[in-house]
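S.K.: Please read through the structure below; I'll follow up with questions.
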Amino acid sequence: RRGDLVLGIETSCDDTGAAVVSTDGRILGEALSSQADLLSQWGGVVPNLAQSEHFKAIDRVVAEALANAQVQESDLSAVAVTIGPGLSLCLRVGVRKARDIARAHRLPLVPIHHMEAHALVARLTEEAVNFPFVVLLVSGGHNLLLLAQDVGQYLQLGTTVDDAIGEAYDKTARLLGLNLKHGGGPALEEIALEGDPNFLNLSVPMRSQKNCNFSYAGLKNQVRLSIESQNISPDLPISEATSEERQLRADIAASFQRVAVQHLEDRCRRALEWARTIDPSVDCLVVSGGVASNKVVRSKLNNLVDAVGLRLVCPPPRLCTDNGVMVAWAGVEHYKRGIIDPPPPVDEPDDVR
Ligand code: KG4
Ligand code: ZN
């Protein structure tokens, strides 16, 4: 026997994800469909367009995850689905699919908070990430520092007072005319490799505020002003820039990234100190969410954690960005503890689905 099987479904933003994970922690099958073309065409996520893409993809993605796992719907023990936070039009597509499967096979439903899924996935990929641990969640919409005390039990140490770091990466990438096909963050990280991180003298946000909150709006603005003052046009794609223009953009990207990551370091250092006064058994910093796939973020935070004798755990990049596996695994964590909802009623009317 290979443990019970939980199907996870994620549709909170622009990725349609599904996966089957066993209660003994094996990823049996996964599938993902992303909206890269729409994203680069519109420069961001447009809710009703994203919703119709989810509608087109959801049946195929779930079928693919099940096929990859070589199981059928009837082999499942529970269905987990992201219920928020996210775009409600998009969330609805996943929730409806999950309810249909759960209803048809009389399976419990496991409602999942998107950020909890990002946080818990570290316990799937790495052994011995035990509670309590500190987790930094960095994505397009969120910038959170939490003390994870147990499943469903999180103490918020800090959050953003304005923008999230991923949003600042995306915005800056757009202003620099980078290719957004795989998202602004990865594009900016790549071009920054060619740049001088000390080219711009940017101030690190919130240095005088002795808390664990974040702010990226000011940095975003500082960088925007210097892009404008250098007469860089976002409409001139980086691929058509002269080598001087390309260097200038790389220097700005590298400078932005240096300060953006420095801000993460500042706040994480303080959060670890704070968390250990609450519970000295904290021994690990988990970093998850899309921005956690950034190599500079990983190496800087690794140095920081090393210096205080703790451990850094970053899930592999494909599990840091939105995916079905993290939802299935969060489902397993809830399912094992009995934190589940009953199957939807058989006669559930269409309009509440
Ligand atoms: O977690 P995620 O896939 O979706 C949200 O829940 O928001 O995170 C997406 C965000 C985007 O802002 C994207 O630009 C950023 O994560 N991101 C990165 C990198 N890969 C993704 N930011 C910086 N460097 C990267 N390598
Ligand atoms: Zn996410």
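Scheme for the structure tokens: letters A, B, ... for chains in order shown; per-chain residue numbers from 1; ligand numbers from 1 in order shown.
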With only C-alpha atoms and all ligand atoms counted, collect every polymer residue having an atom within 7 Å of ligand 1; state the result as a PyMOL selection string.
M.R.: chain A and resi 13+138-142+166-167+169-170+183-186+188-189+289-295+320-322
S.K.: Store the residues picked out above in a file with C-alpha atoms, as a short mmCIF file (atom, residue, chain, number, x, y, z; two decimals), in the first residue's frame.
M.R.:
```cif
data_model
loop_
_atom_site.label_atom_id
_atom_site.label_comp_id
_atom_site.auth_asym_id
_atom_site.auth_seq_id
_atom_site.Cartn_x
_atom_site.Cartn_y
_atom_site.Cartn_z
CA CYS A 13 -3.73 33.35 -10.69
CA VAL A 138 7.80 36.12 -1.78
CA SER A 139 5.59 36.23 -4.85
CA GLY A 140 3.88 38.65 -7.19
CA GLY A 141 1.15 39.47 -4.72
CA HIS A 142 2.61 38.62 -1.32
CA GLY A 166 7.63 40.11 -7.31
CA GLU A 167 5.43 42.99 -8.42
CA TYR A 169 10.50 42.88 -10.33
CA ASP A 170 7.69 42.62 -12.89
CA GLY A 183 7.73 36.50 -16.35
CA GLY A 184 9.47 39.74 -15.43
CA GLY A 185 11.37 38.29 -12.48
CA PRO A 186 13.37 35.67 -14.39
CA LEU A 188 15.41 40.75 -14.77
CA GLU A 189 17.53 38.19 -12.95
CA GLY A 289 6.85 31.69 -3.64
CA GLY A 290 7.89 32.64 -7.16
CA VAL A 291 10.75 34.96 -6.16
CA ALA A 292 12.36 32.15 -4.15
CA SER A 293 13.51 30.65 -7.44
CA ASN A 294 15.88 33.63 -7.83
CA LYS A 295 19.51 32.57 -7.40
CA CYS A 320 8.24 27.67 -5.65
CA THR A 321 6.08 29.15 -8.39
CA ASP A 322 2.37 28.34 -8.42
#
```
S.K.: If DSSP is run on the backbone, what residues of segment 118-274 of chain A are strand (DSSP E)? A reply as a PyMOL selection string would be ideal.
M.R.: chain A and resi 133-138+143-150+153-158
S.K.: Export, as a PDB file, in the first residue's frame, the selected residues with N, CA and C atoms.
M.R.:
```pdb
ATOM      1  N   PHE A 133       9.055  26.772  12.355  1.00  0.00           N
ATOM      2  CA  PHE A 133      10.077  27.331  11.467  1.00  0.00           C
ATOM      3  C   PHE A 133       9.598  28.690  10.975  1.00  0.00           C
ATOM      4  N   VAL A 134      10.565  29.480  10.510  1.00  0.00           N
ATOM      5  CA  VAL A 134      10.210  30.791   9.955  1.00  0.00           C
ATOM      6  C   VAL A 134      10.080  30.634   8.453  1.00  0.00           C
ATOM      7  N   VAL A 135       9.091  31.277   7.875  1.00  0.00           N
ATOM      8  CA  VAL A 135       8.937  31.187   6.431  1.00  0.00           C
ATOM      9  C   VAL A 135       8.777  32.570   5.811  1.00  0.00           C
ATOM     10  N   LEU A 136       9.567  32.776   4.753  1.00  0.00           N
ATOM     11  CA  LEU A 136       9.470  33.992   3.942  1.00  0.00           C
ATOM     12  C   LEU A 136       8.757  33.615   2.651  1.00  0.00           C
ATOM     13  N   LEU A 137       7.616  34.254   2.426  1.00  0.00           N
ATOM     14  CA  LEU A 137       6.860  33.993   1.200  1.00  0.00           C
ATOM     15  C   LEU A 137       6.969  35.202   0.294  1.00  0.00           C
ATOM     16  N   VAL A 138       7.566  35.002  -0.863  1.00  0.00           N
ATOM     17  CA  VAL A 138       7.801  36.118  -1.775  1.00  0.00           C
ATOM     18  C   VAL A 138       7.257  35.794  -3.153  1.00  0.00           C
ATOM     19  N   ASN A 143       4.237  39.305   0.248  1.00  0.00           N
ATOM     20  CA  ASN A 143       5.553  39.442   0.849  1.00  0.00           C
ATOM     21  C   ASN A 143       5.354  39.255   2.347  1.00  0.00           C
ATOM     22  N   LEU A 144       5.494  38.027   2.795  1.00  0.00           N
ATOM     23  CA  LEU A 144       5.131  37.696   4.168  1.00  0.00           C
ATOM     24  C   LEU A 144       6.272  37.048   4.908  1.00  0.00           C
ATOM     25  N   LEU A 145       6.370  37.364   6.192  1.00  0.00           N
ATOM     26  CA  LEU A 145       7.240  36.596   7.086  1.00  0.00           C
ATOM     27  C   LEU A 145       6.354  36.003   8.171  1.00  0.00           C
ATOM     28  N   LEU A 146       6.413  34.690   8.318  1.00  0.00           N
ATOM     29  CA  LEU A 146       5.558  34.007   9.279  1.00  0.00           C
ATOM     30  C   LEU A 146       6.390  33.126  10.191  1.00  0.00           C
ATOM     31  N   LEU A 147       5.900  32.963  11.406  1.00  0.00           N
ATOM     32  CA  LEU A 147       6.405  31.892  12.252  1.00  0.00           C
ATOM     33  C   LEU A 147       5.372  30.766  12.150  1.00  0.00           C
ATOM     34  N   ALA A 148       5.766  29.677  11.493  1.00  0.00           N
ATOM     35  CA  ALA A 148       4.854  28.538  11.323  1.00  0.00           C
ATOM     36  C   ALA A 148       4.974  27.661  12.560  1.00  0.00           C
ATOM     37  N   GLN A 149       3.890  27.597  13.337  1.00  0.00           N
ATOM     38  CA  GLN A 149       3.942  26.855  14.596  1.00  0.00           C
ATOM     39  C   GLN A 149       3.331  25.466  14.458  1.00  0.00           C
ATOM     40  N   ASP A 150       2.395  25.349  13.528  1.00  0.00           N
ATOM     41  CA  ASP A 150       1.793  24.050  13.230  1.00  0.00           C
ATOM     42  C   ASP A 150       0.959  24.232  11.962  1.00  0.00           C
ATOM     43  N   GLN A 153      -1.492  27.096  11.862  1.00  0.00           N
ATOM     44  CA  GLN A 153      -1.141  28.005  12.964  1.00  0.00           C
ATOM     45  C   GLN A 153       0.083  28.840  12.605  1.00  0.00           C
ATOM     46  N   TYR A 154      -0.165  30.076  12.218  1.00  0.00           N
ATOM     47  CA  TYR A 154       0.911  30.931  11.733  1.00  0.00           C
ATOM     48  C   TYR A 154       0.857  32.269  12.443  1.00  0.00           C
ATOM     49  N   LEU A 155       2.002  32.704  12.917  1.00  0.00           N
ATOM     50  CA  LEU A 155       2.093  34.012  13.532  1.00  0.00           C
ATOM     51  C   LEU A 155       2.724  34.937  12.500  1.00  0.00           C
ATOM     52  N   GLN A 156       2.038  36.028  12.151  1.00  0.00           N
ATOM     53  CA  GLN A 156       2.591  36.924  11.141  1.00  0.00           C
ATOM     54  C   GLN A 156       3.627  37.854  11.759  1.00  0.00           C
ATOM     55  N   LEU A 157       4.851  37.754  11.279  1.00  0.00           N
ATOM     56  CA  LEU A 157       5.930  38.607  11.782  1.00  0.00           C
ATOM     57  C   LEU A 157       6.024  39.891  10.961  1.00  0.00           C
ATOM     58  N   GLY A 158       5.689  39.785   9.675  1.00  0.00           N
ATOM     59  CA  GLY A 158       5.767  40.972   8.824  1.00  0.00           C
ATOM     60  C   GLY A 158       5.055  40.761   7.510  1.00  0.00           C
TER      61      GLY A 158
END
```
S.K.: Residues at most 12 Å from segment 92-96 of chain A, counting only C-alpha atoms, excluding those fewer than 5 positions away in the same chain, as a VMD selection string?
M.R.: chain A and resid 7 to 18 47 to 48 50 to 59 61 to 62 79 to 87 101 to 103 109 to 112 324 327 344 348 to 353
S.K.: With N, CA and C atoms retained, export the selected residues as a short mmCIF file (atom, residue, chain, number, x, y, z; two decimals), in the first residue's frame.
M.R.:
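Listing of result03.cif after writing:
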```
data_model
loop_
_atom_site.label_atom_id
_atom_site.label_comp_id
_atom_site.auth_asym_id
_atom_site.auth_seq_id
_atom_site.Cartn_x
_atom_site.Cartn_y
_atom_site.Cartn_z
N LEU A 7 -5.61 14.56 -4.50
CA LEU A 7 -5.49 15.39 -5.71
C LEU A 7 -5.50 16.86 -5.28
N GLY A 8 -4.59 17.65 -5.82
CA GLY A 8 -4.56 19.08 -5.52
C GLY A 8 -4.80 19.88 -6.79
N ILE A 9 -5.58 20.97 -6.67
CA ILE A 9 -5.89 21.82 -7.83
C ILE A 9 -5.60 23.27 -7.49
N GLU A 10 -4.87 23.95 -8.39
CA GLU A 10 -4.49 25.36 -8.17
C GLU A 10 -4.88 26.20 -9.38
N THR A 11 -5.71 27.23 -9.16
CA THR A 11 -6.08 28.14 -10.27
C THR A 11 -6.19 29.58 -9.77
N SER A 12 -5.38 29.96 -8.76
CA SER A 12 -5.62 31.26 -8.13
C SER A 12 -5.19 32.45 -8.99
N CYS A 13 -4.23 32.22 -9.89
CA CYS A 13 -3.73 33.35 -10.69
C CYS A 13 -3.74 32.95 -12.16
N ASP A 14 -2.57 32.79 -12.77
CA ASP A 14 -2.56 32.48 -14.19
C ASP A 14 -2.02 31.09 -14.52
N ASP A 15 -1.75 30.28 -13.51
CA ASP A 15 -1.31 28.91 -13.76
C ASP A 15 -2.41 27.93 -13.39
N THR A 16 -2.68 27.00 -14.30
CA THR A 16 -3.62 25.92 -13.99
C THR A 16 -2.77 24.71 -13.60
N GLY A 17 -2.85 24.32 -12.32
CA GLY A 17 -1.99 23.23 -11.86
C GLY A 17 -2.80 22.13 -11.19
N ALA A 18 -2.33 20.89 -11.34
CA ALA A 18 -2.94 19.77 -10.63
C ALA A 18 -1.87 18.74 -10.34
N PRO A 47 -8.08 39.38 -15.42
CA PRO A 47 -8.88 38.33 -14.78
C PRO A 47 -9.82 37.54 -15.69
N ASN A 48 -10.61 38.22 -16.53
CA ASN A 48 -11.58 37.43 -17.30
C ASN A 48 -10.92 36.61 -18.41
N ALA A 50 -7.86 35.37 -18.05
CA ALA A 50 -7.23 34.28 -17.30
C ALA A 50 -8.26 33.22 -16.96
N GLN A 51 -9.47 33.67 -16.59
CA GLN A 51 -10.51 32.70 -16.25
C GLN A 51 -10.83 31.79 -17.44
N SER A 52 -10.95 32.39 -18.63
CA SER A 52 -11.34 31.53 -19.76
C SER A 52 -10.21 30.57 -20.12
N GLU A 53 -8.95 30.98 -19.89
CA GLU A 53 -7.84 30.03 -20.09
C GLU A 53 -7.92 28.87 -19.10
N HIS A 54 -8.26 29.19 -17.85
CA HIS A 54 -8.41 28.11 -16.86
C HIS A 54 -9.52 27.15 -17.28
N PHE A 55 -10.63 27.71 -17.76
CA PHE A 55 -11.74 26.87 -18.21
C PHE A 55 -11.29 25.92 -19.32
N LYS A 56 -10.50 26.49 -20.26
CA LYS A 56 -10.03 25.66 -21.38
C LYS A 56 -9.08 24.56 -20.90
N ALA A 57 -8.30 24.86 -19.85
CA ALA A 57 -7.21 23.94 -19.47
C ALA A 57 -7.57 22.95 -18.37
N ILE A 58 -8.55 23.28 -17.52
CA ILE A 58 -8.69 22.56 -16.26
C ILE A 58 -8.91 21.06 -16.42
N ASP A 59 -9.82 20.65 -17.34
CA ASP A 59 -10.10 19.22 -17.48
C ASP A 59 -8.85 18.47 -17.95
N VAL A 61 -5.67 19.38 -17.64
CA VAL A 61 -4.59 19.39 -16.64
C VAL A 61 -4.85 18.35 -15.55
N VAL A 62 -6.09 18.27 -15.09
CA VAL A 62 -6.41 17.28 -14.05
C VAL A 62 -6.25 15.87 -14.62
N VAL A 79 -9.85 15.54 -2.22
CA VAL A 79 -9.52 16.54 -3.24
C VAL A 79 -9.25 17.87 -2.54
N ALA A 80 -8.05 18.39 -2.76
CA ALA A 80 -7.67 19.68 -2.16
C ALA A 80 -7.70 20.74 -3.24
N VAL A 81 -8.12 21.95 -2.87
CA VAL A 81 -8.19 23.02 -3.87
C VAL A 81 -7.92 24.37 -3.22
N THR A 82 -7.20 25.22 -3.94
CA THR A 82 -6.94 26.58 -3.45
C THR A 82 -8.24 27.38 -3.46
N ILE A 83 -8.59 27.94 -2.29
CA ILE A 83 -9.82 28.74 -2.22
C ILE A 83 -9.51 30.24 -2.09
N GLY A 84 -8.24 30.60 -1.96
CA GLY A 84 -7.85 32.00 -1.88
C GLY A 84 -6.53 32.11 -1.15
N PRO A 85 -5.90 33.26 -1.09
CA PRO A 85 -6.29 34.45 -1.83
C PRO A 85 -5.91 34.33 -3.30
N GLY A 86 -6.58 35.13 -4.14
CA GLY A 86 -6.31 35.09 -5.57
C GLY A 86 -7.43 35.79 -6.31
N LEU A 87 -7.44 35.64 -7.62
CA LEU A 87 -8.48 36.26 -8.44
C LEU A 87 -9.73 35.39 -8.34
N ILE A 101 -15.50 16.61 -8.79
CA ILE A 101 -14.85 15.31 -8.56
C ILE A 101 -15.22 14.76 -7.19
N ALA A 102 -15.18 15.64 -6.18
CA ALA A 102 -15.48 15.19 -4.81
C ALA A 102 -16.92 14.70 -4.71
N ARG A 103 -17.83 15.39 -5.38
CA ARG A 103 -19.23 15.01 -5.34
C ARG A 103 -19.44 13.66 -6.02
N LEU A 109 -13.46 17.20 0.74
CA LEU A 109 -12.81 18.35 0.10
C LEU A 109 -11.88 18.98 1.12
N VAL A 110 -10.74 19.45 0.66
CA VAL A 110 -9.82 20.11 1.57
C VAL A 110 -9.55 21.52 1.04
N PRO A 111 -10.18 22.54 1.64
CA PRO A 111 -9.94 23.92 1.18
C PRO A 111 -8.56 24.39 1.61
N ILE A 112 -7.83 24.97 0.68
CA ILE A 112 -6.43 25.34 0.96
C ILE A 112 -6.20 26.84 0.74
N GLY A 324 0.35 22.65 -8.73
CA GLY A 324 -0.64 21.80 -8.10
C GLY A 324 -0.08 20.96 -6.95
N VAL A 327 -0.48 22.34 -3.45
CA VAL A 327 -1.86 22.28 -2.98
C VAL A 327 -2.21 20.86 -2.54
N PRO A 344 -19.34 17.41 -1.16
CA PRO A 344 -20.47 18.30 -1.47
C PRO A 344 -21.74 17.47 -1.64
N GLU A 348 -26.42 19.25 -5.06
CA GLU A 348 -25.99 20.65 -5.04
C GLU A 348 -26.45 21.35 -6.32
N PRO A 349 -27.20 22.46 -6.20
CA PRO A 349 -27.65 23.14 -7.42
C PRO A 349 -26.48 23.79 -8.17
N ASP A 350 -26.64 23.92 -9.47
CA ASP A 350 -25.56 24.41 -10.32
C ASP A 350 -25.03 25.78 -9.90
N ASP A 351 -25.93 26.66 -9.44
CA ASP A 351 -25.49 28.04 -9.21
C ASP A 351 -24.64 28.21 -7.94
N VAL A 352 -24.56 27.21 -7.07
CA VAL A 352 -23.63 27.35 -5.95
C VAL A 352 -22.31 26.61 -6.23
N ARG A 353 -22.23 25.98 -7.37
CA ARG A 353 -21.02 25.22 -7.67
C ARG A 353 -19.86 26.12 -7.97
#
```
S.K.: Quick one, how far is atom CA of Gln72 of chain A from atom CA of His334 of chain A?
M.R.: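 If I compute the distance from atom CA of Gln72 of chain A to atom CA of His334 of chain A, I get 21.7 Å.
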S.K.: Which polymer residues have any atom within 9 Å of an atom of Glu265 of chain A, counting only C-alpha atoms, with same-chain residues fewer than 4 positions away left out, as a list in words?
M.R.: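 Listed by chain and then number, they are Val261, Arg269, Arg270, Val297, Lys300, Leu301 and Leu304 of chain A.
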S.K.: Keeping only C-alpha atoms, write those residues as a PDB file, in the first residue's frame.
M.R.:
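Generated file (again-v3.pdb):
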```
ATOM      1  CA  VAL A 261      17.339  41.506  -2.010  1.00  0.00           C
ATOM      2  CA  ARG A 269      17.634  38.700   9.960  1.00  0.00           C
ATOM      3  CA  ARG A 270      15.319  40.525  12.338  1.00  0.00           C
ATOM      4  CA  VAL A 297      17.864  35.651  -3.289  1.00  0.00           C
ATOM      5  CA  LYS A 300      22.208  35.927  -0.026  1.00  0.00           C
ATOM      6  CA  LEU A 301      19.716  34.340   2.336  1.00  0.00           C
ATOM      7  CA  LEU A 304      22.601  35.120   6.295  1.00  0.00           C
TER       8      LEU A 304
END
```
S.K.: Near segment 239-245 of chain A, counting only C-alpha atoms, which residues have an atom at most 9 Å away, once you skip same-chain residues fewer than 4 positions from it, shown as a PyMOL selection string?
M.R.: chain A and resi 177-179+232+249-250
S.K.: For N, CA and C atoms, I'd like the residues from the last selection saved as a PDB file, in the first residue's frame.
M.R.:
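Output saved as result28.pdb:
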```
ATOM      1  N   GLY A 177      11.954  47.132 -20.774  1.00  0.00           N
ATOM      2  CA  GLY A 177      11.711  46.531 -22.090  1.00  0.00           C
ATOM      3  C   GLY A 177      12.186  45.090 -22.195  1.00  0.00           C
ATOM      4  N   LEU A 178      12.208  44.380 -21.057  1.00  0.00           N
ATOM      5  CA  LEU A 178      12.683  42.994 -21.101  1.00  0.00           C
ATOM      6  C   LEU A 178      11.615  42.074 -21.694  1.00  0.00           C
ATOM      7  N   ASN A 179      12.032  40.919 -22.117  1.00  0.00           N
ATOM      8  CA  ASN A 179      11.116  39.921 -22.661  1.00  0.00           C
ATOM      9  C   ASN A 179      10.361  39.245 -21.509  1.00  0.00           C
ATOM     10  N   ILE A 232      15.218  55.671 -21.238  1.00  0.00           N
ATOM     11  CA  ILE A 232      15.033  54.296 -21.691  1.00  0.00           C
ATOM     12  C   ILE A 232      13.551  54.102 -22.024  1.00  0.00           C
ATOM     13  N   ARG A 249      20.709  49.128 -19.205  1.00  0.00           N
ATOM     14  CA  ARG A 249      19.571  48.411 -18.633  1.00  0.00           C
ATOM     15  C   ARG A 249      20.041  47.327 -17.663  1.00  0.00           C
ATOM     16  N   ALA A 250      21.116  46.659 -18.032  1.00  0.00           N
ATOM     17  CA  ALA A 250      21.651  45.610 -17.153  1.00  0.00           C
ATOM     18  C   ALA A 250      22.127  46.223 -15.832  1.00  0.00           C
TER      19      ALA A 250
END
```
S.K.: When distances are computed from only C-alpha atoms and all ligand atoms, which of A:Met326, A:Ala128, A:Glu228, A:Asp279 shows the smallest separation from ligand 2?
M.R.: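 Between A:Met326, A:Ala128, A:Glu228, A:Asp279, the residue approaching ligand 2 most closely is A:Met326.
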S.K.: Could you name the residues that touch Ala67 of chain A at 10 Å or less, counting only C-alpha atoms, but leaving out those on the same chain fewer than 4 positions away, as a ChimeraX atom specification?
M.R.: /A:20,28-31,61-63,71-73
S.K.: Those same residues - C-alpha atoms - I'd like them written as an mmCIF file, in the first residue's frame.
M.R.:
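Written file, again_23.cif:
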```
data_model
loop_
_atom_site.group_PDB
_atom_site.id
_atom_site.type_symbol
_atom_site.label_atom_id
_atom_site.label_comp_id
_atom_site.auth_asym_id
_atom_site.auth_seq_id
_atom_site.Cartn_x
_atom_site.Cartn_y
_atom_site.Cartn_z
ATOM 1 C CA VAL A 20 -1.525 13.703 -7.055
ATOM 2 C CA LEU A 28 2.893 10.568 -8.121
ATOM 3 C CA GLY A 29 1.861 12.814 -10.975
ATOM 4 C CA GLU A 30 1.660 16.497 -11.797
ATOM 5 C CA ALA A 31 0.582 18.777 -14.643
ATOM 6 C CA VAL A 61 -4.590 19.393 -16.643
ATOM 7 C CA VAL A 62 -6.414 17.281 -14.054
ATOM 8 C CA ALA A 63 -6.639 14.335 -16.468
ATOM 9 C CA VAL A 71 -4.536 6.516 -11.089
ATOM 10 C CA GLN A 72 -8.206 7.269 -11.621
ATOM 11 C CA GLU A 73 -10.483 9.675 -9.820
#
```
S.K.: Which of segment 154-301 of chain A counts as alpha helix (DSSP H) under DSSP, as an NGL selection string please?
M.R.: :A and (165-175 or 184-192 or 217-229 or 243-278 or 295-301)
S.K.: Rank A:Asn323, A:Ser215, A:Asn302, A:Gln41 by their smallest atom-to-atom distance to ligand 2, using only C-alpha atoms and all ligand atoms, and report the top residue only.
M.R.: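 Counting only C-alpha atoms and all ligand atoms, the residue closest to ligand 2 is A:Asn323.
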S.K.: Could you pull the residues within 10 Å of Ser281 of chain A, counting only C-alpha atoms, minus those fewer than 6 positions along the same chain, as a VMD selection string?
M.R.: chain A and resid 130 to 133 275
S.K.: What separation in Å, quoted to one decimal, exists between atom CA of Ala192 of chain A and atom CA of Ala254 of chain A?
M.R.: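 Going from atom CA of Ala192 of chain A over to atom CA of Ala254 of chain A covers 4.3 Å.
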S.K.: Given the choices A:Gln222, A:Ser288, A:Asn303, A:Gln247, which gets closest to ligand 2 if the distance is worked out from only C-alpha atoms and all ligand atoms?
M.R.: A:Ser288
